[in-house]
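Please read the structure below before turning to the comments.
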Amino acid sequence: MPLLKLNDDRLLPAFDEPLQEVSLDDWRANPQAHASATALVVSNDASLDDIEKDIDGFASIILNFPSFTDGRAYSQARLLRERIGYTGEIRARGDVLTDQIFFMSRCGIDAFEMDDILVMQDALRVFSFAYQVAADAVDPVWQRRGQCAAAA
Amino acid sequence: MYRYDEFDATLVKERVDQFRNQVERRLSGALTEEQFKPLRLMNGLYLQLHAYMLRVAIPYGSLSSKQMRKLAHIARNYDKGYGHFTTRQNLQFNWPALVDVPDILDELAEVEMHAIQTSGNCIRNVTSDQYGGAAADEVADPRPYGEMIRQWSTFHPEFSFLPRKFKIAITASDNDRAAVRVHDIGLRLHKNDVGKVGFEVIVGGGLGRTPYVGHTIRSFLPEENLLSYLEAVLRVYNLSGRRDNKYKARIKILLNAEGPEEFARLVEAEWAQIKDNGIDLLRAEISRIQNYFAPPPFEKLAVESVEMNEQRAVDGDFDRWLRVNTVAHKISGYAIVNVSLKAIGGIPGDITDAQMEAVADIAERYSHDEIRATHEQNLVLPHVKKGDLYIVYKRLKAACLDTANIGLVSDIIACPGLDYCALANTRSIPIAQRISERFANLGLQEELGELKIKISGCINACGHHHVGHIGILGVDKKGEEFYQVTLGGSGGADASIGEIAGRGLSSNEVVDAVEKLVAFYRHAKIPNERFLDTYRRIGAEPFKEALYAAA
Ligand code: SF4
C-alpha cells in the first residue's frame, strides 16, 4: 500500500519501509515472541488505558479506519499524542480519503496508507484556521484573537 | 448579535470554495453520486424524493433583518418562492438545483450564514431558547454559549465522524423552551448557591425509534468549563458508542447501556484528565463573545402603554393576539412577539419570500433588527415596545402572519413527511392542515388552552410526536397510510414520552380522533387545567375510551 508521510507540514510519498507488525493483543500475550516487532497495530475498539508500558520501542503505531465513517481512531490518536505522550509515527490504515487528512493530521496522525497518493498538498490546508485545540501545534482562533488584541 | 471577524469569515469562505470544487467534480462526472454523498451531506445538501434540499443553519435560532432578506432573495431566485423553518431552528430550501448550490452558499456567506454541519454524523447546529436576551425569566443570555459551541464544534477534527448525529440544545430558564431533556446533550442555565452561572448537563435524551428522556449527569458545570466538559462527553461517546446498528448508535443507547451513574463516572474521569488542557476559552474570549450580545439601547418606558390598552379595548382580534402571541419582556414597556407560521390550513413552518421581507422590515424598524426562529417552527420579534405592538400587529396581518395560535391546538409541528421525504411512510402536512381547519375558530382554540399536537411521517420522529400532548405517527400497513396516536408526551421541563393510545387510524379517522380527544378533555377538565394536566390527573384509560368508543 502506498504511503504518505507528513514532513514539516508537507505530505510526501514515502518508501514503504518494511515494518514488522504485531497486534496489541498478540504483543500483550507474548512480548518475547515479538521482540523484533517495530509496529504496533491497535484496533479501533481497543482501550488505551494501560498502553504506556506497551508502546515503548515501537517506531510506529497503526490505527484503523475500517470505513471513513468510523471515527474512533481520531480519539485514539489524540489520546496517544496528548495523554500518553507518544512521539513516534502514528499511521492511518483502512478507508483513508483525501478529505480526511486535514482532520487526521490535527489529531496527531502523521502517516497515511492510501490508494491514491496523488493527494493535493491543499488537503492539509483546506482551512487556514482552527477553532479548537487538538494534537497539532495550531493555535486556535480564539488565542490568535487574544494575540491580535494584545498587539493592537 | 454575533458578527464574524476575519477568522470566521475566512473559514466559511474556504468551506464554500471546497464545496464548489466538489460540486464541479460531481457535475463533470469525476465523482459518482456515491462518492459525492458524504461530501454534500457535510454541507447540508440532501437528496429528497423529488429534488435536492438545502438546509441552512441558523445558529441558536438568531437572525438579523439582513439575513432574513437574503433568505427571501434565495427563495425567490433559486427556489420556488418559499422556505421552510424546521424544528431545529434551521431553514430548508426544497427545490435548489445542484449547479446553483455553491452560489447559494456564497450568497449566504455574504451575510455570515452557512450550511455547515446541518447534516451528517457530526455535532449539528446548536439550538437554543428563542427568547435569549429578552425573556423576563432568563438566568443569563444563552446565545453567547451557543456561539461558543458553534465555534468549538465547527470542523472539530476528532468529532466529525461520530457514531450518529449529535444535537445540543440550551435553555436559559426553568421554563424549558428548547426541549433540553430530549436532546443528546441538553444544557439548562442556572445559578448555584453563590450566584455563579453554570449549566445542568442532561445527556441521552432523544426521540426516534427508541425515545428517552435524558439524565442529569452533572447538576452544576461552571460556564468557563463548558467546552472541555462537552469534549469529555463527546470523547466517551466517540470511543464507545455503538457503530454496528444505526438505530442503536445515538448516545442515549450508550448511556442507558452503561447506566446513567456509570456513564457520568466515565465522563467525569475523562474530564478530570482534559479540563486543564487549554480546551476552554480564556475569560477574555468569553467576554469578547458576550459583548456581541450586549442588550440593544432600550428606552426607559412605563410598564403599561396607555395607547396599546386603548387599541386593544376597541380591536378584539388585536386583544386576542396580544394575549396569545406576546410574552413578558425583561425590560419595562417592552414585549416579546411570537409570529405564527401556522396559518389556519397552512403548511407548518412554511414562509414565502414576501413574508420573509415583511418580517425583516418589521424587525428592522420595531425589534432592534432581531428575529429568532423557534423549535416549534415559528418566528419571534424579541424586543418590541408595547406602544408599537398595534402597528406591528397590523403589518403582520397585512402579510398574513397574524394568526393568534401560539401554543394552541393549531400550532402544530409537522415533519415534511411523504410530500418531500424519501423515508416517509405517510404524509404529515395534509393531516396538520386538516386538524388546523377543523379547529379554525381562534376563540375556541384559546379556550382550549395549551395543546401541543406533533406529527411525524415515520418512526424517525422529526415531528417530535413522542413529546406531543397528542402525538401522531405515520405507519405503513400493507402499503396503506395509517396513523398511530400517542398521548401525554411533553418536551418541556416536565418532559415525558407519550403512550400509544391503541390501534392505528386511517387518515380520515385521525382528524376525527383529535376532535374526540379534545371534546373529552373539555368535558373532563377542571377549571384552568391544560389538556396534559387532565391527562396526567385522570390517566390514559378514559381518553382511550373516548377515542375508540363506537360512534
Ligand atoms: S419523521 Fe420520517 S417522514 Fe418525517 S421528515 Fe423525518 S424521516 Fe421524513
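Naming works like this for the C-alpha cells: A, B, ... for the chains as they're shown, residue 1 at the start of each chain, ligands 1 onward in shown order.
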Please return as a PyMOL selection string the residues found within 7 Å of ligand 1, counting only C-alpha atoms and all ligand atoms.
chain B and resi 415-418+421-426+456-463
May I have a table of the residues of chain A lying at most 7 Å from chain B, giving each one's closest pair of atoms and their distance in Å to one decimal, counting only C-alpha atoms, ordered by chain and ascending residue number, as a tab-separated table?
residue	atom	partner	partner_atom	distance
A:Thr69	CA	B:Phe161	CA	5.4
A:Asp70	CA	B:Phe161	CA	6.1
A:Gly71	CA	B:Phe161	CA	4.7
A:Arg72	CA	B:Leu239	CA	5.2
A:Tyr74	CA	B:Glu158	CA	5.2
A:Ser75	CA	B:Glu158	CA	5.9
A:Phe103	CA	B:Pro157	CA	4.4
A:Met104	CA	B:Pro157	CA	6.9
A:Arg106	CA	B:Pro157	CA	6.3
A:Cys107	CA	B:Pro157	CA	6.5
A:Val126	CA	B:Glu14	CA	6.9
A:Phe127	CA	B:Leu11	CA	6.1
A:Phe129	CA	B:Leu11	CA	7.0
A:Tyr131	CA	B:Trp152	CA	5.6
A:Gln132	CA	B:Trp152	CA	5.6
A:Val133	CA	B:Ile279	CA	6.0
A:Val141	CA	B:Phe7	CA	6.9
A:Trp142	CA	B:Glu285	CA	6.4
Keeping all heavy atoms for every residue in the selection just given, could you write it to a file as a short mmCIF file (atom, residue, chain, number, x, y, z; two decimals), in the first residue's frame?
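Wrote it out as again.cif, contents follow:
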data_model
loop_
_atom_site.label_atom_id
_atom_site.label_comp_id
_atom_site.auth_asym_id
_atom_site.auth_seq_id
_atom_site.Cartn_x
_atom_site.Cartn_y
_atom_site.Cartn_z
N THR A 69 -16.40 6.47 7.78
CA THR A 69 -17.39 7.00 8.72
C THR A 69 -17.13 6.54 10.16
O THR A 69 -17.77 7.01 11.08
CB THR A 69 -18.81 6.52 8.35
OG1 THR A 69 -18.79 5.08 8.31
CG2 THR A 69 -19.24 7.05 7.00
N ASP A 70 -16.20 5.63 10.34
CA ASP A 70 -15.91 5.13 11.68
C ASP A 70 -14.77 5.94 12.28
O ASP A 70 -13.60 5.72 11.96
CB ASP A 70 -15.56 3.64 11.60
CG ASP A 70 -15.41 3.02 12.99
OD1 ASP A 70 -15.14 3.76 13.95
OD2 ASP A 70 -15.55 1.79 13.09
N GLY A 71 -15.11 6.88 13.14
CA GLY A 71 -14.13 7.87 13.58
C GLY A 71 -13.49 7.61 14.94
O GLY A 71 -12.96 8.54 15.55
N ARG A 72 -13.52 6.38 15.41
CA ARG A 72 -12.96 6.12 16.75
C ARG A 72 -11.47 6.44 16.83
O ARG A 72 -10.98 6.95 17.83
CB ARG A 72 -13.17 4.65 17.13
CG ARG A 72 -14.56 4.40 17.64
CD ARG A 72 -14.79 2.95 17.93
NE ARG A 72 -15.21 2.25 16.72
CZ ARG A 72 -15.80 1.05 16.73
NH1 ARG A 72 -16.02 0.44 17.87
NH2 ARG A 72 -16.17 0.49 15.61
N TYR A 74 -9.75 8.67 15.55
CA TYR A 74 -9.39 10.08 15.77
C TYR A 74 -9.15 10.33 17.26
O TYR A 74 -8.21 11.00 17.65
CB TYR A 74 -10.51 11.02 15.29
CG TYR A 74 -10.69 11.07 13.80
CD1 TYR A 74 -11.69 10.35 13.17
CD2 TYR A 74 -9.86 11.86 13.01
CE1 TYR A 74 -11.87 10.40 11.80
CE2 TYR A 74 -10.03 11.93 11.63
CZ TYR A 74 -11.05 11.19 11.03
OH TYR A 74 -11.21 11.25 9.68
N SER A 75 -10.05 9.76 18.08
CA SER A 75 -9.87 9.92 19.53
C SER A 75 -8.63 9.18 20.00
O SER A 75 -7.87 9.68 20.84
CB SER A 75 -11.10 9.40 20.29
OG SER A 75 -12.22 10.25 20.08
N PHE A 103 -8.37 16.50 9.09
CA PHE A 103 -8.79 16.13 10.45
C PHE A 103 -7.76 15.20 11.09
O PHE A 103 -7.41 15.34 12.26
CB PHE A 103 -10.14 15.42 10.41
CG PHE A 103 -11.29 16.31 10.02
CD1 PHE A 103 -12.24 15.88 9.10
CD2 PHE A 103 -11.45 17.56 10.59
CE1 PHE A 103 -13.31 16.68 8.75
CE2 PHE A 103 -12.52 18.38 10.24
CZ PHE A 103 -13.45 17.93 9.31
N MET A 104 -7.30 14.22 10.32
CA MET A 104 -6.36 13.23 10.88
C MET A 104 -5.08 13.90 11.35
O MET A 104 -4.57 13.62 12.44
CB MET A 104 -6.03 12.17 9.84
CG MET A 104 -7.19 11.24 9.57
SD MET A 104 -6.72 9.98 8.37
CE MET A 104 -8.20 8.97 8.37
N ARG A 106 -4.66 16.90 12.30
CA ARG A 106 -4.90 17.68 13.51
C ARG A 106 -4.96 16.78 14.76
O ARG A 106 -4.68 17.24 15.86
CB ARG A 106 -6.23 18.46 13.41
CG ARG A 106 -6.21 19.60 12.40
CD ARG A 106 -6.97 20.81 12.90
NE ARG A 106 -6.35 21.36 14.09
CZ ARG A 106 -7.00 21.93 15.09
NH1 ARG A 106 -8.32 22.04 15.05
NH2 ARG A 106 -6.36 22.40 16.14
N CYS A 107 -5.33 15.53 14.58
CA CYS A 107 -5.41 14.62 15.72
C CYS A 107 -4.08 13.94 16.00
O CYS A 107 -3.99 13.12 16.91
CB CYS A 107 -6.50 13.58 15.49
SG CYS A 107 -8.15 14.29 15.59
N VAL A 126 -7.07 22.84 3.83
CA VAL A 126 -8.38 23.29 3.37
C VAL A 126 -8.84 24.50 4.14
O VAL A 126 -9.49 25.38 3.62
CB VAL A 126 -9.48 22.21 3.54
CG1 VAL A 126 -10.12 21.87 2.24
CG2 VAL A 126 -9.01 21.01 4.30
N PHE A 127 -8.49 24.51 5.41
CA PHE A 127 -8.88 25.64 6.25
C PHE A 127 -7.63 26.30 6.83
O PHE A 127 -6.71 25.63 7.27
CB PHE A 127 -9.79 25.18 7.39
CG PHE A 127 -11.03 24.50 6.88
CD1 PHE A 127 -11.23 23.14 7.09
CD2 PHE A 127 -11.99 25.20 6.16
CE1 PHE A 127 -12.36 22.50 6.60
CE2 PHE A 127 -13.12 24.58 5.67
CZ PHE A 127 -13.30 23.21 5.89
N PHE A 129 -7.52 28.24 9.46
CA PHE A 129 -7.55 28.39 10.92
C PHE A 129 -8.32 27.23 11.53
O PHE A 129 -9.01 26.51 10.84
CB PHE A 129 -8.26 29.69 11.33
CG PHE A 129 -7.79 30.90 10.60
CD1 PHE A 129 -8.58 31.49 9.62
CD2 PHE A 129 -6.55 31.46 10.89
CE1 PHE A 129 -8.15 32.62 8.94
CE2 PHE A 129 -6.12 32.58 10.21
CZ PHE A 129 -6.91 33.16 9.24
N TYR A 131 -10.77 26.34 15.14
CA TYR A 131 -11.42 26.92 16.31
C TYR A 131 -11.02 26.24 17.62
O TYR A 131 -11.32 26.75 18.68
CB TYR A 131 -12.94 26.79 16.18
CG TYR A 131 -13.60 27.82 15.29
CD1 TYR A 131 -14.33 27.43 14.17
CD2 TYR A 131 -13.52 29.17 15.59
CE1 TYR A 131 -14.97 28.37 13.37
CE2 TYR A 131 -14.16 30.11 14.80
CZ TYR A 131 -14.88 29.71 13.69
OH TYR A 131 -15.52 30.62 12.91
N GLN A 132 -10.43 25.06 17.52
CA GLN A 132 -10.22 24.31 18.77
C GLN A 132 -8.79 23.78 18.86
O GLN A 132 -8.11 23.61 17.86
CB GLN A 132 -11.25 23.19 18.92
CG GLN A 132 -11.43 22.19 17.78
CD GLN A 132 -11.84 22.73 16.44
OE1 GLN A 132 -10.98 23.05 15.64
NE2 GLN A 132 -13.14 22.82 16.17
N VAL A 133 -8.34 23.55 20.09
CA VAL A 133 -7.04 22.91 20.26
C VAL A 133 -7.18 21.44 19.91
O VAL A 133 -8.24 20.84 20.08
CB VAL A 133 -6.49 23.01 21.71
CG1 VAL A 133 -6.10 24.42 22.05
CG2 VAL A 133 -7.47 22.44 22.72
N VAL A 141 -8.24 29.79 16.92
CA VAL A 141 -8.64 31.15 16.55
C VAL A 141 -8.75 32.06 17.77
O VAL A 141 -8.27 33.18 17.77
CB VAL A 141 -9.98 31.08 15.78
CG1 VAL A 141 -10.68 32.41 15.79
CG2 VAL A 141 -9.75 30.59 14.37
N TRP A 142 -9.35 31.55 18.85
CA TRP A 142 -9.59 32.44 20.00
C TRP A 142 -8.31 32.87 20.65
O TRP A 142 -8.24 33.94 21.25
CB TRP A 142 -10.59 31.83 20.97
CG TRP A 142 -10.27 30.46 21.47
CD1 TRP A 142 -10.66 29.28 20.91
CD2 TRP A 142 -9.51 30.11 22.62
NE1 TRP A 142 -10.19 28.23 21.64
CE2 TRP A 142 -9.48 28.70 22.70
CE3 TRP A 142 -8.85 30.85 23.61
CZ2 TRP A 142 -8.82 28.02 23.72
CZ3 TRP A 142 -8.20 30.17 24.62
CH2 TRP A 142 -8.18 28.77 24.67
#
From a DSSP pass on the backbone, collect the residues of range 343-515 of chain B flagged as alpha helix (DSSP H) and hand them back as a ChimeraX atom specification.
/B:353-366,389-398,429-438,442-448,507-515
As number ranges by chain, list the residues of range 36-108 of chain A assigned to strand (DSSP E or B) by DSSP on the backbone atoms of this structure.
A: 39-42, 60-65, 89-94
Please identify all polymer residues within 10 Å of range 441-451 of chain B, counting only C-alpha atoms, omitting same-chain residues fewer than 6 positions from it, and present them as a PDB file with N, CA and C atoms, in the first residue's frame.
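Saved as out.pdb:
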ATOM      1  N   ASP B 317     -59.619  41.382  17.954  1.00  0.00           N
ATOM      2  CA  ASP B 317     -58.642  40.447  17.376  1.00  0.00           C
ATOM      3  C   ASP B 317     -57.235  40.774  17.863  1.00  0.00           C
ATOM      4  N   ARG B 320     -56.864  39.554  21.385  1.00  0.00           N
ATOM      5  CA  ARG B 320     -56.596  38.116  21.468  1.00  0.00           C
ATOM      6  C   ARG B 320     -55.135  37.823  21.093  1.00  0.00           C
ATOM      7  N   TRP B 321     -54.678  38.461  20.021  1.00  0.00           N
ATOM      8  CA  TRP B 321     -53.290  38.263  19.564  1.00  0.00           C
ATOM      9  C   TRP B 321     -52.306  38.636  20.673  1.00  0.00           C
ATOM     10  N   ARG B 323     -52.896  38.543  23.896  1.00  0.00           N
ATOM     11  CA  ARG B 323     -52.964  37.524  24.958  1.00  0.00           C
ATOM     12  C   ARG B 323     -52.226  36.252  24.555  1.00  0.00           C
ATOM     13  N   VAL B 324     -52.389  35.853  23.302  1.00  0.00           N
ATOM     14  CA  VAL B 324     -51.891  34.539  22.887  1.00  0.00           C
ATOM     15  C   VAL B 324     -50.449  34.596  22.374  1.00  0.00           C
ATOM     16  N   ILE B 344     -54.083  29.102   9.645  1.00  0.00           N
ATOM     17  CA  ILE B 344     -55.094  28.050   9.611  1.00  0.00           C
ATOM     18  C   ILE B 344     -55.110  27.414   8.218  1.00  0.00           C
ATOM     19  N   THR B 403     -51.791  35.056  12.818  1.00  0.00           N
ATOM     20  CA  THR B 403     -52.594  34.008  13.459  1.00  0.00           C
ATOM     21  C   THR B 403     -52.281  33.932  14.950  1.00  0.00           C
ATOM     22  N   ALA B 404     -53.335  34.083  15.766  1.00  0.00           N
ATOM     23  CA  ALA B 404     -53.145  34.120  17.226  1.00  0.00           C
ATOM     24  C   ALA B 404     -53.311  32.709  17.777  1.00  0.00           C
ATOM     25  N   ASN B 405     -52.298  31.886  17.573  1.00  0.00           N
ATOM     26  CA  ASN B 405     -52.452  30.487  17.985  1.00  0.00           C
ATOM     27  C   ASN B 405     -51.191  29.886  18.604  1.00  0.00           C
ATOM     28  N   ILE B 406     -50.294  30.717  19.121  1.00  0.00           N
ATOM     29  CA  ILE B 406     -49.054  30.157  19.685  1.00  0.00           C
ATOM     30  C   ILE B 406     -49.368  29.234  20.871  1.00  0.00           C
ATOM     31  N   GLY B 407     -48.896  28.018  20.785  1.00  0.00           N
ATOM     32  CA  GLY B 407     -49.104  27.046  21.857  1.00  0.00           C
ATOM     33  C   GLY B 407     -50.484  26.397  21.851  1.00  0.00           C
ATOM     34  N   LEU B 408     -51.329  26.778  20.896  1.00  0.00           N
ATOM     35  CA  LEU B 408     -52.697  26.257  20.869  1.00  0.00           C
ATOM     36  C   LEU B 408     -52.812  25.088  19.881  1.00  0.00           C
ATOM     37  N   VAL B 409     -54.031  24.586  19.790  1.00  0.00           N
ATOM     38  CA  VAL B 409     -54.240  23.333  19.068  1.00  0.00           C
ATOM     39  C   VAL B 409     -53.798  23.387  17.592  1.00  0.00           C
ATOM     40  N   SER B 410     -53.853  24.550  16.965  1.00  0.00           N
ATOM     41  CA  SER B 410     -53.455  24.610  15.556  1.00  0.00           C
ATOM     42  C   SER B 410     -51.987  25.008  15.372  1.00  0.00           C
ATOM     43  N   ASP B 411     -51.264  25.200  16.477  1.00  0.00           N
ATOM     44  CA  ASP B 411     -49.817  25.479  16.391  1.00  0.00           C
ATOM     45  C   ASP B 411     -49.099  24.127  16.315  1.00  0.00           C
ATOM     46  N   ILE B 412     -49.303  23.457  15.202  1.00  0.00           N
ATOM     47  CA  ILE B 412     -48.899  22.054  15.080  1.00  0.00           C
ATOM     48  C   ILE B 412     -47.477  21.955  14.530  1.00  0.00           C
ATOM     49  N   GLY B 468     -45.543  15.206  21.930  1.00  0.00           N
ATOM     50  CA  GLY B 468     -46.785  15.944  21.729  1.00  0.00           C
ATOM     51  C   GLY B 468     -47.773  15.579  22.836  1.00  0.00           C
ATOM     52  N   HIS B 469     -48.532  16.569  23.281  1.00  0.00           N
ATOM     53  CA  HIS B 469     -49.629  16.218  24.191  1.00  0.00           C
ATOM     54  C   HIS B 469     -50.497  15.199  23.466  1.00  0.00           C
ATOM     55  N   ILE B 470     -50.722  15.503  22.178  1.00  0.00           N
ATOM     56  CA  ILE B 470     -51.264  14.495  21.275  1.00  0.00           C
ATOM     57  C   ILE B 470     -50.217  14.305  20.178  1.00  0.00           C
ATOM     58  N   VAL B 518     -60.284  16.024  22.141  1.00  0.00           N
ATOM     59  CA  VAL B 518     -60.457  17.386  22.633  1.00  0.00           C
ATOM     60  C   VAL B 518     -61.824  17.542  23.299  1.00  0.00           C
ATOM     61  N   ALA B 519     -62.837  16.938  22.694  1.00  0.00           N
ATOM     62  CA  ALA B 519     -64.184  17.023  23.272  1.00  0.00           C
ATOM     63  C   ALA B 519     -64.199  16.375  24.654  1.00  0.00           C
ATOM     64  N   TYR B 521     -61.669  15.996  26.665  1.00  0.00           N
ATOM     65  CA  TYR B 521     -60.915  16.867  27.577  1.00  0.00           C
ATOM     66  C   TYR B 521     -61.790  18.006  28.111  1.00  0.00           C
ATOM     67  N   ARG B 522     -62.560  18.605  27.216  1.00  0.00           N
ATOM     68  CA  ARG B 522     -63.403  19.734  27.660  1.00  0.00           C
ATOM     69  C   ARG B 522     -64.403  19.285  28.709  1.00  0.00           C
ATOM     70  N   ASN B 528     -59.093  25.827  34.429  1.00  0.00           N
ATOM     71  CA  ASN B 528     -57.694  26.208  34.222  1.00  0.00           C
ATOM     72  C   ASN B 528     -56.726  25.025  34.105  1.00  0.00           C
ATOM     73  N   GLU B 529     -57.247  23.896  33.743  1.00  0.00           N
ATOM     74  CA  GLU B 529     -56.370  22.740  33.622  1.00  0.00           C
ATOM     75  C   GLU B 529     -56.032  22.515  32.147  1.00  0.00           C
ATOM     76  N   ARG B 530     -54.735  22.339  31.849  1.00  0.00           N
ATOM     77  CA  ARG B 530     -54.338  22.070  30.473  1.00  0.00           C
ATOM     78  C   ARG B 530     -54.706  20.636  30.100  1.00  0.00           C
ATOM     79  N   PHE B 531     -54.786  20.375  28.812  1.00  0.00           N
ATOM     80  CA  PHE B 531     -55.035  19.023  28.314  1.00  0.00           C
ATOM     81  C   PHE B 531     -54.086  18.027  28.977  1.00  0.00           C
ATOM     82  N   LEU B 532     -52.784  18.388  28.977  1.00  0.00           N
ATOM     83  CA  LEU B 532     -51.770  17.472  29.504  1.00  0.00           C
ATOM     84  C   LEU B 532     -52.011  17.178  30.982  1.00  0.00           C
TER      85      LEU B 532
END
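Nearest residue to Asp122 in chain A, choosing from A:Gln143, A:Gln100, A:Asn64, A:Ser36 and counting only C-alpha atoms: A:Gln100.
With distances restricted to only C-alpha atoms, A:Val41 is the closest residue to Leu19 in chain A from A:Leu97, A:Leu4, A:Leu80, A:Val41.
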Might you pull out every residue within 9 Å of Gln22 in chain B, with only C-alpha atoms counted and same-chain residues fewer than 6 positions away left off, and present them as an mmCIF file with C-alpha atoms, in the first residue's frame?
data_model
loop_
_atom_site.group_PDB
_atom_site.id
_atom_site.type_symbol
_atom_site.label_atom_id
_atom_site.label_comp_id
_atom_site.auth_asym_id
_atom_site.auth_seq_id
_atom_site.Cartn_x
_atom_site.Cartn_y
_atom_site.Cartn_z
ATOM 1 C CA LEU B 31 -17.235 11.940 -8.634
ATOM 2 C CA PHE B 36 -20.309 12.761 -3.574
ATOM 3 C CA LEU B 39 -19.316 15.418 0.868
ATOM 4 C CA ARG B 40 -22.684 17.032 0.152
#
7 Å contact set for Pro102 in chain B, only C-alpha atoms, chain neighbours under 4 positions out, as a PyMOL selection string
chain B and resi 16+19-20+106
